[in-house]
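run18.csv (CSV, N, CA and C atoms)
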chain,number,residue,atom,x,y,z
A,1,GLN,N,-41.1,61.5,7.6
A,1,GLN,CA,-40.1,61.8,8.7
A,1,GLN,C,-40.1,60.7,9.7
A,2,VAL,N,-38.9,60.2,10.0
A,2,VAL,CA,-38.8,59.2,11.0
A,2,VAL,C,-38.9,59.8,12.4
A,3,HIS,N,-39.7,59.2,13.3
A,3,HIS,CA,-39.8,59.7,14.6
A,3,HIS,C,-39.9,58.5,15.6
A,4,LEU,N,-39.1,58.6,16.7
A,4,LEU,CA,-39.1,57.6,17.7
A,4,LEU,C,-39.3,58.3,19.0
A,5,MET,N,-40.2,57.7,19.9
A,5,MET,CA,-40.4,58.3,21.2
A,5,MET,C,-40.5,57.2,22.3
A,6,GLU,N,-39.6,57.3,23.2
A,6,GLU,CA,-39.5,56.3,24.3
A,6,GLU,C,-40.3,56.7,25.5
A,7,SER,N,-40.8,55.8,26.2
A,7,SER,CA,-41.5,56.0,27.5
A,7,SER,C,-41.3,54.8,28.4
A,8,GLY,N,-41.7,55.0,29.7
A,8,GLY,CA,-41.7,53.9,30.6
A,8,GLY,C,-40.5,53.9,31.6
A,9,GLY,N,-39.6,54.9,31.5
A,9,GLY,CA,-38.5,55.0,32.4
A,9,GLY,C,-39.0,55.4,33.8
A,10,GLY,N,-38.1,55.4,34.8
A,10,GLY,CA,-38.4,55.9,36.1
A,10,GLY,C,-37.4,55.4,37.1
A,11,LEU,N,-37.8,55.6,38.4
A,11,LEU,CA,-37.0,55.2,39.5
A,11,LEU,C,-37.5,53.8,40.0
A,12,VAL,N,-36.6,52.9,40.2
A,12,VAL,CA,-36.9,51.6,40.7
A,12,VAL,C,-35.9,51.1,41.6
A,13,GLN,N,-36.3,50.2,42.6
A,13,GLN,CA,-35.3,49.7,43.5
A,13,GLN,C,-34.5,48.5,42.8
A,14,PRO,N,-33.3,48.2,43.3
A,14,PRO,CA,-32.6,47.1,42.8
A,14,PRO,C,-33.5,45.8,42.9
A,15,GLY,N,-33.5,45.0,41.9
A,15,GLY,CA,-34.3,43.8,41.8
A,15,GLY,C,-35.6,44.0,41.2
A,16,GLY,N,-36.0,45.3,41.0
A,16,GLY,CA,-37.3,45.6,40.4
A,16,GLY,C,-37.3,45.5,38.9
A,17,SER,N,-38.5,45.8,38.3
A,17,SER,CA,-38.7,45.7,36.9
A,17,SER,C,-39.3,47.0,36.3
A,18,LEU,N,-39.0,47.2,35.0
A,18,LEU,CA,-39.5,48.3,34.3
A,18,LEU,C,-39.8,47.7,32.8
A,19,ARG,N,-40.8,48.3,32.2
A,19,ARG,CA,-41.0,48.0,30.8
A,19,ARG,C,-41.0,49.3,30.0
A,20,LEU,N,-40.0,49.4,29.1
A,20,LEU,CA,-39.8,50.5,28.2
A,20,LEU,C,-40.6,50.3,26.9
A,21,SER,N,-41.1,51.4,26.4
A,21,SER,CA,-41.8,51.3,25.1
A,21,SER,C,-41.3,52.4,24.2
A,22,CYS,N,-41.3,52.1,22.9
A,22,CYS,CA,-40.8,53.0,21.9
A,22,CYS,C,-41.8,53.0,20.8
A,23,ALA,N,-42.5,54.1,20.5
A,23,ALA,CA,-43.4,54.3,19.4
A,23,ALA,C,-42.6,54.8,18.2
A,24,VAL,N,-42.8,54.2,17.1
A,24,VAL,CA,-42.0,54.5,15.9
A,24,VAL,C,-43.0,54.9,14.7
A,25,SER,N,-42.6,56.0,14.0
A,25,SER,CA,-43.4,56.4,12.9
A,25,SER,C,-42.5,56.8,11.8
A,26,GLY,N,-43.1,56.8,10.5
A,26,GLY,CA,-42.3,57.3,9.4
A,26,GLY,C,-41.5,56.3,8.6
A,27,ILE,N,-41.6,55.0,9.0
A,27,ILE,CA,-40.9,54.0,8.3
A,27,ILE,C,-41.9,52.8,8.1
A,28,ASN,N,-41.5,51.9,7.2
A,28,ASN,CA,-42.2,50.6,7.1
A,28,ASN,C,-41.7,49.7,8.2
A,29,PHE,N,-42.3,49.9,9.3
A,29,PHE,CA,-41.8,49.3,10.6
A,29,PHE,C,-41.5,47.9,10.5
A,30,LYS,N,-42.3,47.1,9.9
A,30,LYS,CA,-42.2,45.6,10.0
A,30,LYS,C,-40.9,45.1,9.3
A,31,ILE,N,-40.3,45.9,8.5
A,31,ILE,CA,-39.1,45.3,7.7
A,31,ILE,C,-37.8,45.7,8.4
A,32,HIS,N,-37.8,46.5,9.4
A,32,HIS,CA,-36.6,47.0,10.0
A,32,HIS,C,-36.2,46.4,11.3
A,33,THR,N,-34.9,46.3,11.5
A,33,THR,CA,-34.4,45.9,12.8
A,33,THR,C,-34.5,47.1,13.8
A,34,LEU,N,-34.9,46.9,15.0
A,34,LEU,CA,-35.0,47.9,16.0
A,34,LEU,C,-34.0,47.6,17.1
A,35,GLU,N,-33.5,48.6,17.7
A,35,GLU,CA,-32.5,48.4,18.8
A,35,GLU,C,-32.8,49.3,20.0
A,36,TRP,N,-32.3,48.8,21.2
A,36,TRP,CA,-32.3,49.6,22.4
A,36,TRP,C,-30.8,49.8,22.8
A,37,SER,N,-30.5,51.0,23.1
A,37,SER,CA,-29.1,51.3,23.6
A,37,SER,C,-29.3,52.1,24.9
A,38,ARG,N,-28.2,52.3,25.6
A,38,ARG,CA,-28.2,53.1,26.8
A,38,ARG,C,-26.9,53.9,27.0
A,39,GLN,N,-27.0,55.0,27.7
A,39,GLN,CA,-25.8,55.8,28.0
A,39,GLN,C,-25.9,56.2,29.5
A,40,ALA,N,-24.9,55.7,30.2
A,40,ALA,CA,-24.8,56.1,31.6
A,40,ALA,C,-23.9,57.4,31.7
A,41,PRO,N,-24.0,58.1,32.8
A,41,PRO,CA,-23.2,59.3,33.0
A,41,PRO,C,-21.7,59.1,32.8
A,42,GLY,N,-21.1,59.8,32.0
A,42,GLY,CA,-19.6,59.7,31.8
A,42,GLY,C,-19.2,58.5,31.0
A,43,LYS,N,-20.2,57.8,30.4
A,43,LYS,CA,-19.8,56.6,29.6
A,43,LYS,C,-20.4,56.7,28.2
A,44,GLN,N,-19.8,55.9,27.3
A,44,GLN,CA,-20.3,55.9,25.9
A,44,GLN,C,-21.6,55.1,25.8
A,45,ARG,N,-22.4,55.5,24.8
A,45,ARG,CA,-23.6,54.8,24.6
A,45,ARG,C,-23.3,53.3,24.2
A,46,GLU,N,-24.0,52.4,24.7
A,46,GLU,CA,-23.8,51.0,24.4
A,46,GLU,C,-25.1,50.3,23.9
A,47,LEU,N,-24.9,49.4,23.0
A,47,LEU,CA,-26.1,48.7,22.5
A,47,LEU,C,-26.5,47.6,23.5
A,48,VAL,N,-27.8,47.6,23.8
A,48,VAL,CA,-28.3,46.7,24.9
A,48,VAL,C,-29.0,45.5,24.2
A,49,ALA,N,-29.9,45.7,23.2
A,49,ALA,CA,-30.6,44.6,22.6
A,49,ALA,C,-31.1,45.1,21.2
A,50,GLY,N,-31.3,44.1,20.4
A,50,GLY,CA,-31.8,44.3,19.1
A,50,GLY,C,-32.8,43.2,18.7
A,51,ILE,N,-33.7,43.6,17.8
A,51,ILE,CA,-34.7,42.6,17.3
A,51,ILE,C,-34.9,42.8,15.8
A,52,SER,N,-34.7,41.8,15.0
A,52,SER,CA,-34.8,41.9,13.6
A,52,SER,C,-36.2,41.8,13.1
A,53,SER,N,-36.4,42.0,11.8
A,53,SER,CA,-37.8,41.9,11.2
A,53,SER,C,-38.4,40.6,11.4
A,54,SER,N,-37.6,39.5,11.5
A,54,SER,CA,-38.1,38.2,11.7
A,54,SER,C,-38.3,37.8,13.2
A,55,GLY,N,-37.9,38.7,14.0
A,55,GLY,CA,-38.1,38.5,15.5
A,55,GLY,C,-36.8,37.9,16.2
A,56,ALA,N,-35.8,37.8,15.4
A,56,ALA,CA,-34.5,37.3,16.0
A,56,ALA,C,-34.0,38.4,17.0
A,57,THR,N,-33.5,37.9,18.1
A,57,THR,CA,-33.0,38.9,19.1
A,57,THR,C,-31.6,38.7,19.5
A,58,THR,N,-30.9,39.8,19.9
A,58,THR,CA,-29.6,39.8,20.4
A,58,THR,C,-29.5,40.7,21.6
A,59,TYR,N,-28.6,40.3,22.5
A,59,TYR,CA,-28.5,41.0,23.8
A,59,TYR,C,-27.0,41.2,24.1
A,60,GLU,N,-26.8,42.4,24.8
A,60,GLU,CA,-25.5,42.6,25.4
A,60,GLU,C,-25.3,41.6,26.6
A,61,ASP,N,-24.1,41.2,26.8
A,61,ASP,CA,-23.9,40.1,27.8
A,61,ASP,C,-24.4,40.4,29.2
A,62,SER,N,-24.3,41.6,29.6
A,62,SER,CA,-24.7,41.9,31.0
A,62,SER,C,-26.2,41.9,31.2
A,63,VAL,N,-27.0,41.9,30.2
A,63,VAL,CA,-28.4,41.9,30.3
A,63,VAL,C,-29.1,40.6,29.9
A,64,LYS,N,-28.3,39.7,29.4
A,64,LYS,CA,-28.9,38.4,29.0
A,64,LYS,C,-29.5,37.7,30.2
A,65,GLY,N,-30.7,37.2,30.0
A,65,GLY,CA,-31.5,36.5,31.0
A,65,GLY,C,-32.3,37.5,31.9
A,66,ARG,N,-32.0,38.8,31.8
A,66,ARG,CA,-32.8,39.8,32.6
A,66,ARG,C,-33.7,40.7,31.7
A,67,PHE,N,-33.2,41.0,30.5
A,67,PHE,CA,-33.9,41.9,29.6
A,67,PHE,C,-34.5,41.1,28.5
A,68,THR,N,-35.7,41.5,28.0
A,68,THR,CA,-36.3,40.9,26.9
A,68,THR,C,-36.8,42.0,25.9
A,69,ILE,N,-36.4,41.9,24.7
A,69,ILE,CA,-36.8,42.9,23.7
A,69,ILE,C,-37.9,42.2,22.8
A,70,SER,N,-39.0,43.0,22.5
A,70,SER,CA,-40.1,42.5,21.7
A,70,SER,C,-40.6,43.6,20.8
A,71,ARG,N,-41.4,43.2,19.9
A,71,ARG,CA,-42.0,44.2,18.9
A,71,ARG,C,-43.4,44.0,18.6
A,72,ASP,N,-44.2,45.0,18.3
A,72,ASP,CA,-45.6,44.9,17.9
A,72,ASP,C,-45.7,45.6,16.5
A,73,ASN,N,-45.8,44.7,15.5
A,73,ASN,CA,-45.8,45.2,14.1
A,73,ASN,C,-47.2,45.8,13.7
A,74,VAL,N,-48.2,45.7,14.6
A,74,VAL,CA,-49.5,46.3,14.3
A,74,VAL,C,-49.4,47.8,14.8
A,75,TRP,N,-48.9,48.0,16.0
A,75,TRP,CA,-48.9,49.3,16.6
A,75,TRP,C,-47.6,50.0,16.4
A,76,ASN,N,-46.6,49.4,15.7
A,76,ASN,CA,-45.3,50.0,15.4
A,76,ASN,C,-44.6,50.4,16.7
A,77,ARG,N,-44.5,49.4,17.6
A,77,ARG,CA,-43.8,49.7,18.9
A,77,ARG,C,-42.7,48.6,19.1
A,78,VAL,N,-41.7,49.0,19.8
A,78,VAL,CA,-40.7,48.1,20.3
A,78,VAL,C,-40.6,48.2,21.8
A,79,PHE,N,-40.4,47.1,22.5
A,79,PHE,CA,-40.5,47.1,24.0
A,79,PHE,C,-39.2,46.6,24.5
A,80,LEU,N,-38.9,47.0,25.7
A,80,LEU,CA,-37.7,46.4,26.5
A,80,LEU,C,-38.2,46.1,27.9
A,81,GLN,N,-38.5,44.8,28.2
A,81,GLN,CA,-38.8,44.4,29.5
A,81,GLN,C,-37.5,44.2,30.3
A,82,MET,N,-37.4,44.9,31.4
A,82,MET,CA,-36.2,44.8,32.2
A,82,MET,C,-36.5,44.3,33.6
A,83,ASN,N,-36.0,43.1,33.9
A,83,ASN,CA,-36.2,42.5,35.2
A,83,ASN,C,-34.9,42.4,36.0
A,84,SER,N,-35.0,42.2,37.3
A,84,SER,CA,-33.8,42.0,38.1
A,84,SER,C,-32.8,43.2,37.9
A,85,LEU,N,-33.4,44.4,37.9
A,85,LEU,CA,-32.6,45.6,37.7
A,85,LEU,C,-31.5,45.8,38.7
A,86,LYS,N,-30.4,46.3,38.3
A,86,LYS,CA,-29.2,46.6,39.1
A,86,LYS,C,-28.8,48.0,39.0
A,87,PRO,N,-28.2,48.6,40.0
A,87,PRO,CA,-27.8,50.0,40.0
A,87,PRO,C,-27.0,50.3,38.7
A,88,GLU,N,-26.2,49.4,38.2
A,88,GLU,CA,-25.4,49.6,37.0
A,88,GLU,C,-26.2,49.7,35.8
A,89,ASP,N,-27.5,49.4,35.9
A,89,ASP,CA,-28.4,49.6,34.7
A,89,ASP,C,-28.9,51.0,34.6
A,90,THR,N,-28.5,51.8,35.6
A,90,THR,CA,-28.9,53.2,35.5
A,90,THR,C,-28.3,53.9,34.3
A,91,ALA,N,-29.2,54.5,33.5
A,91,ALA,CA,-28.8,55.2,32.3
A,91,ALA,C,-30.0,55.8,31.6
A,92,VAL,N,-29.7,56.6,30.5
A,92,VAL,CA,-30.8,57.0,29.6
A,92,VAL,C,-30.9,55.9,28.5
A,93,TYR,N,-32.0,55.4,28.3
A,93,TYR,CA,-32.3,54.4,27.3
A,93,TYR,C,-32.9,55.0,26.0
A,94,TYR,N,-32.3,54.5,24.9
A,94,TYR,CA,-32.7,55.1,23.6
A,94,TYR,C,-33.2,53.9,22.7
A,95,CYS,N,-34.2,54.1,21.9
A,95,CYS,CA,-34.4,53.2,20.8
A,95,CYS,C,-34.0,53.8,19.5
A,96,SER,N,-33.7,53.0,18.5
A,96,SER,CA,-33.1,53.5,17.3
A,96,SER,C,-33.5,52.5,16.1
A,97,VAL,N,-33.4,53.1,14.9
A,97,VAL,CA,-33.6,52.3,13.7
A,97,VAL,C,-32.7,52.9,12.6
A,98,ASP,N,-32.2,52.0,11.8
A,98,ASP,CA,-31.4,52.4,10.6
A,98,ASP,C,-32.3,52.5,9.4
A,99,ARG,N,-32.2,53.5,8.6
A,99,ARG,CA,-32.9,53.6,7.3
A,99,ARG,C,-32.2,54.4,6.4
A,100,GLY,N,-31.9,53.9,5.2
A,100,GLY,CA,-31.3,54.7,4.1
A,100,GLY,C,-29.9,55.1,4.5
A,101,GLY,N,-29.2,54.3,5.3
A,101,GLY,CA,-27.8,54.6,5.7
A,101,GLY,C,-27.7,55.6,6.9
A,102,SER,N,-28.8,56.0,7.4
A,102,SER,CA,-28.8,56.8,8.6
A,102,SER,C,-29.4,56.1,9.8
A,103,THR,N,-29.0,56.5,11.0
A,103,THR,CA,-29.5,56.0,12.2
A,103,THR,C,-30.4,57.0,12.8
A,104,PHE,N,-31.6,56.7,13.2
A,104,PHE,CA,-32.5,57.6,13.8
A,104,PHE,C,-32.7,57.2,15.3
A,105,TRP,N,-32.7,58.2,16.1
A,105,TRP,CA,-32.8,58.0,17.6
A,105,TRP,C,-34.0,58.7,18.2
A,106,GLY,N,-34.5,58.1,19.3
A,106,GLY,CA,-35.5,58.9,20.1
A,106,GLY,C,-34.7,59.8,21.0
A,107,ARG,N,-35.4,60.5,21.9
A,107,ARG,CA,-34.8,61.4,22.8
A,107,ARG,C,-34.4,60.7,24.1
A,108,GLY,N,-34.9,59.5,24.3
A,108,GLY,CA,-34.4,58.7,25.5
A,108,GLY,C,-35.4,58.8,26.6
A,109,THR,N,-35.2,57.8,27.5
A,109,THR,CA,-36.0,57.8,28.8
A,109,THR,C,-35.1,57.4,29.9
A,110,GLN,N,-35.1,58.1,31.0
A,110,GLN,CA,-34.2,57.9,32.1
A,110,GLN,C,-34.7,56.7,32.9
A,111,VAL,N,-33.7,55.8,33.2
A,111,VAL,CA,-33.9,54.7,34.1
A,111,VAL,C,-32.9,54.8,35.3
A,112,THR,N,-33.4,54.9,36.5
A,112,THR,CA,-32.6,55.0,37.7
A,112,THR,C,-32.9,53.8,38.6
A,113,VAL,N,-31.9,53.1,38.9
A,113,VAL,CA,-32.0,51.9,39.8
A,113,VAL,C,-31.3,52.3,41.1
A,114,SER,N,-32.1,52.5,42.2
A,114,SER,CA,-31.5,52.9,43.4
A,114,SER,C,-32.4,52.6,44.6
A,115,SER,N,-31.8,52.3,45.7
A,115,SER,CA,-32.6,52.1,46.9
A,115,SER,C,-32.7,53.4,47.7
Show me, as structure tokens, the structure contained in the file I just sent.
Amino acid sequence: QVHLMESGGGLVQPGGSLRLSCAVSGINFKIHTLEWSRQAPGKQRELVAGISSSGATTYEDSVKGRFTISRDNVWNRVFLQMNSLKPEDTAVYYCSVDRGGSTFWGRGTQVTVSS
């Protein structure tokens, strides 16, 4: 059974940093692309960053230069380092993985950027 669990969210002031973590189980972790998405109130979920099995990364334009996605293939975790946070980064952040034609999601972690 595929299971993903995010952690590391919280309340941070504008300009601050947070590091999100996602623990993944039930898959051959090292061969899969992992992704972080977010959903703000009243908005659709959007893809924020992805990292392939080879370590290649992609980012949504608004987070380029501020967010960094990484992975640990020993502990089966994917991370999202978020720096220079802005109020518009406020959202629930989810990690996900595709396997066998299905997308599996965690329950999300709330990130609130506010003074």
Skipping near chain neighbours, those fewer than 2 positions away, what residues fall within 7 Å of stretch 5-12 of chain A using only C-alpha atoms, listed as a CSV table (one decimal) with N, CA and C atoms, keeping the file's coordinate frame?
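Produced file part-v9.csv, reproduced below:
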chain,number,residue,atom,x,y,z
A,3,HIS,N,-39.7,59.2,13.3
A,3,HIS,CA,-39.8,59.7,14.6
A,3,HIS,C,-39.9,58.5,15.6
A,14,PRO,N,-33.3,48.2,43.3
A,14,PRO,CA,-32.6,47.1,42.8
A,14,PRO,C,-33.5,45.8,42.9
A,16,GLY,N,-36.0,45.3,41.0
A,16,GLY,CA,-37.3,45.6,40.4
A,16,GLY,C,-37.3,45.5,38.9
A,19,ARG,N,-40.8,48.3,32.2
A,19,ARG,CA,-41.0,48.0,30.8
A,19,ARG,C,-41.0,49.3,30.0
A,20,LEU,N,-40.0,49.4,29.1
A,20,LEU,CA,-39.8,50.5,28.2
A,20,LEU,C,-40.6,50.3,26.9
A,21,SER,N,-41.1,51.4,26.4
A,21,SER,CA,-41.8,51.3,25.1
A,21,SER,C,-41.3,52.4,24.2
A,22,CYS,N,-41.3,52.1,22.9
A,22,CYS,CA,-40.8,53.0,21.9
A,22,CYS,C,-41.8,53.0,20.8
A,23,ALA,N,-42.5,54.1,20.5
A,23,ALA,CA,-43.4,54.3,19.4
A,23,ALA,C,-42.6,54.8,18.2
A,24,VAL,N,-42.8,54.2,17.1
A,24,VAL,CA,-42.0,54.5,15.9
A,24,VAL,C,-43.0,54.9,14.7
A,94,TYR,N,-32.3,54.5,24.9
A,94,TYR,CA,-32.7,55.1,23.6
A,94,TYR,C,-33.2,53.9,22.7
A,95,CYS,N,-34.2,54.1,21.9
A,95,CYS,CA,-34.4,53.2,20.8
A,95,CYS,C,-34.0,53.8,19.5
A,106,GLY,N,-34.5,58.1,19.3
A,106,GLY,CA,-35.5,58.9,20.1
A,106,GLY,C,-34.7,59.8,21.0
A,107,ARG,N,-35.4,60.5,21.9
A,107,ARG,CA,-34.8,61.4,22.8
A,107,ARG,C,-34.4,60.7,24.1
A,108,GLY,N,-34.9,59.5,24.3
A,108,GLY,CA,-34.4,58.7,25.5
A,108,GLY,C,-35.4,58.8,26.6
A,109,THR,N,-35.2,57.8,27.5
A,109,THR,CA,-36.0,57.8,28.8
A,109,THR,C,-35.1,57.4,29.9
A,110,GLN,N,-35.1,58.1,31.0
A,110,GLN,CA,-34.2,57.9,32.1
A,110,GLN,C,-34.7,56.7,32.9
A,111,VAL,N,-33.7,55.8,33.2
A,111,VAL,CA,-33.9,54.7,34.1
A,111,VAL,C,-32.9,54.8,35.3
A,112,THR,N,-33.4,54.9,36.5
A,112,THR,CA,-32.6,55.0,37.7
A,112,THR,C,-32.9,53.8,38.6
A,113,VAL,N,-31.9,53.1,38.9
A,113,VAL,CA,-32.0,51.9,39.8
A,113,VAL,C,-31.3,52.3,41.1
A,114,SER,N,-32.1,52.5,42.2
A,114,SER,CA,-31.5,52.9,43.4
A,114,SER,C,-32.4,52.6,44.6
Just list the residues in stretch 33-105 of chain A DSSP gives strand (DSSP E or B) on the backbone, as number ranges by chain.
A: 34-39, 46-51, 57-59, 67-72, 77-82, 91-99, 102-105
Determine the nearest neighbour of A:Val78 from the options A:Ser17, A:Glu35, A:Val2, A:Val63, counting only N, CA and C atoms.
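When distances to A:Val78 are compared using only N, CA and C atoms, the smallest one comes from A:Glu35.
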Check the smallest atom-to-atom distance from each of A:Arg45, A:Ser96, A:Leu34, A:Ser53 to A:Ile69 using only C-alpha atoms, then report the winner.
A:Leu34
Selection near A:Trp36, 8 Å with all atoms listed in the file, sequence-local residues under 3 positions removed, as number ranges by chain:
A: 33, 46-51, 69, 79-80, 93-97
Based on the selection just made, write N, CA and C atoms of those residues as a compact mmCIF listing (two decimals), in the frame of the given file.
# COMPACT_ATOMS: atom_id res chain seq x y z
N THR A 33 -34.90 46.30 11.50
CA THR A 33 -34.40 45.90 12.80
C THR A 33 -34.50 47.10 13.80
N GLU A 46 -24.00 52.40 24.70
CA GLU A 46 -23.80 51.00 24.40
C GLU A 46 -25.10 50.30 23.90
N LEU A 47 -24.90 49.40 23.00
CA LEU A 47 -26.10 48.70 22.50
C LEU A 47 -26.50 47.60 23.50
N VAL A 48 -27.80 47.60 23.80
CA VAL A 48 -28.30 46.70 24.90
C VAL A 48 -29.00 45.50 24.20
N ALA A 49 -29.90 45.70 23.20
CA ALA A 49 -30.60 44.60 22.60
C ALA A 49 -31.10 45.10 21.20
N GLY A 50 -31.30 44.10 20.40
CA GLY A 50 -31.80 44.30 19.10
C GLY A 50 -32.80 43.20 18.70
N ILE A 51 -33.70 43.60 17.80
CA ILE A 51 -34.70 42.60 17.30
C ILE A 51 -34.90 42.80 15.80
N ILE A 69 -36.40 41.90 24.70
CA ILE A 69 -36.80 42.90 23.70
C ILE A 69 -37.90 42.20 22.80
N PHE A 79 -40.40 47.10 22.50
CA PHE A 79 -40.50 47.10 24.00
C PHE A 79 -39.20 46.60 24.50
N LEU A 80 -38.90 47.00 25.70
CA LEU A 80 -37.70 46.40 26.50
C LEU A 80 -38.20 46.10 27.90
N TYR A 93 -32.00 55.40 28.30
CA TYR A 93 -32.30 54.40 27.30
C TYR A 93 -32.90 55.00 26.00
N TYR A 94 -32.30 54.50 24.90
CA TYR A 94 -32.70 55.10 23.60
C TYR A 94 -33.20 53.90 22.70
N CYS A 95 -34.20 54.10 21.90
CA CYS A 95 -34.40 53.20 20.80
C CYS A 95 -34.00 53.80 19.50
N SER A 96 -33.70 53.00 18.50
CA SER A 96 -33.10 53.50 17.30
C SER A 96 -33.50 52.50 16.10
N VAL A 97 -33.40 53.10 14.90
CA VAL A 97 -33.60 52.30 13.70
C VAL A 97 -32.70 52.90 12.60
For atom CA of A:Lys30 and atom CA of A:Ala56, the interatomic separation in Å (one decimal)
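Taking atom CA of A:Lys30 and atom CA of A:Ala56, their separation equals 12.8 Å.
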Would you kindly return, as an MDAnalysis selection string, each protein, DNA or RNA residue with an atom no farther than 6 Å from any atom of A:Ala91, considering only C-alpha atoms and excluding same-chain residues fewer than 5 positions away?
chainID A and resid 38:40 111
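For the pair atom CA of A:Arg77 and atom C of A:Thr103, the interatomic distance is 16.4 Å.
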